[in-house]
Each structure stands twice: as structure tokens, then as C-alpha cells.
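Heads up: the structure comes next, in C-alpha cells.
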Amino acid sequence: MIKQLEWQQIEELFHTNMQEDFPAEEIKPLSLLSHLYEQQTCRAYGFYDESGTKRLAYAIFEKPNVGNGWLLDYLAVDKNARGGGIGSRVLKEIRETLKEAEAILLEIERLDEAENDAQKTERVRRKHFYLKNGLVETGVYTVADGNIGYEILCLPIQKEVVGARAAKAMQNIYEMFFKKGEYQIL
């Protein structure tokens, strides 16, 4: 079961789950998320059990004012629910729920920039999960969030967004929260 989250629920996620689920340098400031939410360019969803009471996962998106490629900025499955297919079901529900988006873009850390074998193994596992669940490689790479290298994947909703179209979509997204010079699209 999927439910759109209100600001208070996003703020609670920010102070709790997000701090555990993501590296600190990848978490946008709460003030920025609040601003994006007020501008109606930030949308979040909770994914719940059958009873609708226990949240099993969450996803936070940014929708740019220009273009129709959304960013899946944060996706996390509750640590006690991992390994049970919840992540795959979430991606399926995203496709069914966000039909207004042309495509959902996603940043994953570059495999070739892993600091060690364990980190590379984790990155390969994560990329394989996304590709197995219908995302496609775009051929676009970015540098953002304080010099972190990302590969951009696409979850087609209405169509695949790859190559120059994916680069332009990422530029539209990044312009929402970065100043020129704070990111690169390769």
C-alpha cells in the first residue's frame, strides 16, 4: 500500500531514518527539502504493509519546474524488511503511481570510483538490483553533493530518457538545488 506523505512525516523521516539510511554528504539540508516541498517540487511516499500501519519503505522525489524527468532522490527499505522483495515492489508501485512523470531518474555511486573491493561489491549489487527491476543505463554521469561521482539510471514511465535527453533532465533537476559550478554533467 502506498501513501503520499505530508511535510510532518517527511521531517520525521529526515531526523530518523534518513540519517541511518544515507551518507551525511548525500542528505540535502532540511531547509532545502522544506523549500522544495512548499514549491510543490518535492513529493514523498511511504510504502506500508497490508494493514496500512507499518511503513516498510519510503521514497522522496524532486520534480523540476522545467521538463518532466523526476529525480528519485531517496529510496530506502526499512532495515527489518530488507531482503523480502519490498524494494522491487516499491519500484513497481512507483511506475503505477507516478504516471504523470515522463521518467524517473536515479543517481547511483559510480562503480569505478569505489574506494575498496567491499564498496565496489555493494555498488555492483545496488546497480544490478535497479537494472533487474526495469531501470536502464542512460550513459550520463554527474558529479554533485560535494564531488561525489554518480551514474544516472532511468526508470521509464512514459518513455526511456537516455543520452542527451537524460543529461538535460538532470540539469533541470540540479538547477533546483545547486548553483552553477556546484555540479557537473558528464
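By order of appearance in the C-alpha cells: chains A, B, ..., then residues from 1 within every chain, and ligands from 1 in the order shown.
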Listing only residues of range 7-37 of chain A within 12 Å of range 92-114 of chain A, what is the closest atom pair and its distance in Å (to one decimal) for each, using only C-alpha atoms, sorted by chain and residue number ascending, as a Markdown table?
| residue | atom | partner | partner_atom | distance |
| --- | --- | --- | --- | --- |
| A:Phe22 | CA | A:Ile108 | CA | 12.0 |
| A:Pro23 | CA | A:Glu109 | CA | 11.5 |
| A:Glu26 | CA | A:Glu107 | CA | 10.6 |
Apply DSSP to the structure's backbone, then extract all residues of range 25-183 of chain A labelled strand (DSSP E) and return them as a VMD selection string. chain A and resid 42 to 48 55 to 62 69 to 77 103 to 109 136 to 144 148 to 156
If DSSP is run on the backbone, what residues of range 53-131 of chain A are helix (DSSP H, G or I)? A reply as a ChimeraX atom specification would be ideal. /A:86-97,111-113,117-131
Excluding Gly69 in chain A and its own-chain neighbours fewer than 2 positions away, which residues fall within 12 Å of it when counting only C-alpha atoms? Please give them as a PyMOL selection string. chain A and resi 41+61-67+71-72+98-106+152-162+165-174
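Closest to Tyr150 in chain A among A:His35, A:Lys127, A:Arg82, A:His15 is A:Lys127, based on only C-alpha atoms.
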Need to verify the contact set: Asp49 in chain A, 10 Å, only C-alpha atoms, exclusion of same-chain residues closer than 4 positions in sequence. Can you return it as a PDB file with N, CA and C atoms, in the first residue's frame?
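As a result, out.pdb now contains:
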ATOM      1  N   MET A   1       0.851  -1.176   0.000  1.00  0.00           N
ATOM      2  CA  MET A   1       0.000   0.000   0.000  1.00  0.00           C
ATOM      3  C   MET A   1       0.898   1.241   0.000  1.00  0.00           C
ATOM      4  N   ILE A   2       0.564   2.181  -0.849  1.00  0.00           N
ATOM      5  CA  ILE A   2       1.354   3.398  -0.990  1.00  0.00           C
ATOM      6  C   ILE A   2       0.534   4.597  -0.520  1.00  0.00           C
ATOM      7  N   THR A  53      -0.485   0.291   8.388  1.00  0.00           N
ATOM      8  CA  THR A  53       0.012   0.916   9.611  1.00  0.00           C
ATOM      9  C   THR A  53       1.532   0.896   9.736  1.00  0.00           C
ATOM     10  N   LYS A  54       2.190  -0.121   9.197  1.00  0.00           N
ATOM     11  CA  LYS A  54       3.644  -0.229   9.349  1.00  0.00           C
ATOM     12  C   LYS A  54       4.328   0.169   8.042  1.00  0.00           C
ATOM     13  N   ARG A  55       5.123   1.244   8.114  1.00  0.00           N
ATOM     14  CA  ARG A  55       5.852   1.698   6.927  1.00  0.00           C
ATOM     15  C   ARG A  55       7.030   0.760   6.681  1.00  0.00           C
ATOM     16  N   LEU A  56       7.102   0.216   5.476  1.00  0.00           N
ATOM     17  CA  LEU A  56       8.156  -0.717   5.103  1.00  0.00           C
ATOM     18  C   LEU A  56       9.260  -0.049   4.286  1.00  0.00           C
ATOM     19  N   ALA A  57       8.922   1.059   3.633  1.00  0.00           N
ATOM     20  CA  ALA A  57       9.894   1.761   2.783  1.00  0.00           C
ATOM     21  C   ALA A  57       9.389   3.173   2.543  1.00  0.00           C
ATOM     22  N   ILE A  86      10.648  -6.152  -0.993  1.00  0.00           N
ATOM     23  CA  ILE A  86       9.945  -4.880  -0.815  1.00  0.00           C
ATOM     24  C   ILE A  86      10.457  -3.843  -1.824  1.00  0.00           C
TER      25      ILE A  86
END
Which of these, A:Ala164, A:Gln9, A:Glu182, A:Lys3, has the shortest distance to Gly52 in chain A once you count only C-alpha atoms?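 Under the stated criterion, the closest residue is A:Lys3.
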Would you compute the distance between CA of Ala24 in chain A and CA of Glu12 in chain A? Give it in Å to one decimal.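 These atoms are spaced 16.1 Å apart.
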Got a sec: who's within 9 Å of range 16-21 of chain A, counting only C-alpha atoms, leaving out chain neighbours fewer than 6 positions off, as an MDAnalysis selection string? chainID A and resid 27 74:79
If I take CA of Glu175 in chain A and CA of Phe47 in chain A, how far is one from the other in Å, to one decimal?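 Computing it gives 28.7 Å between the two atoms.
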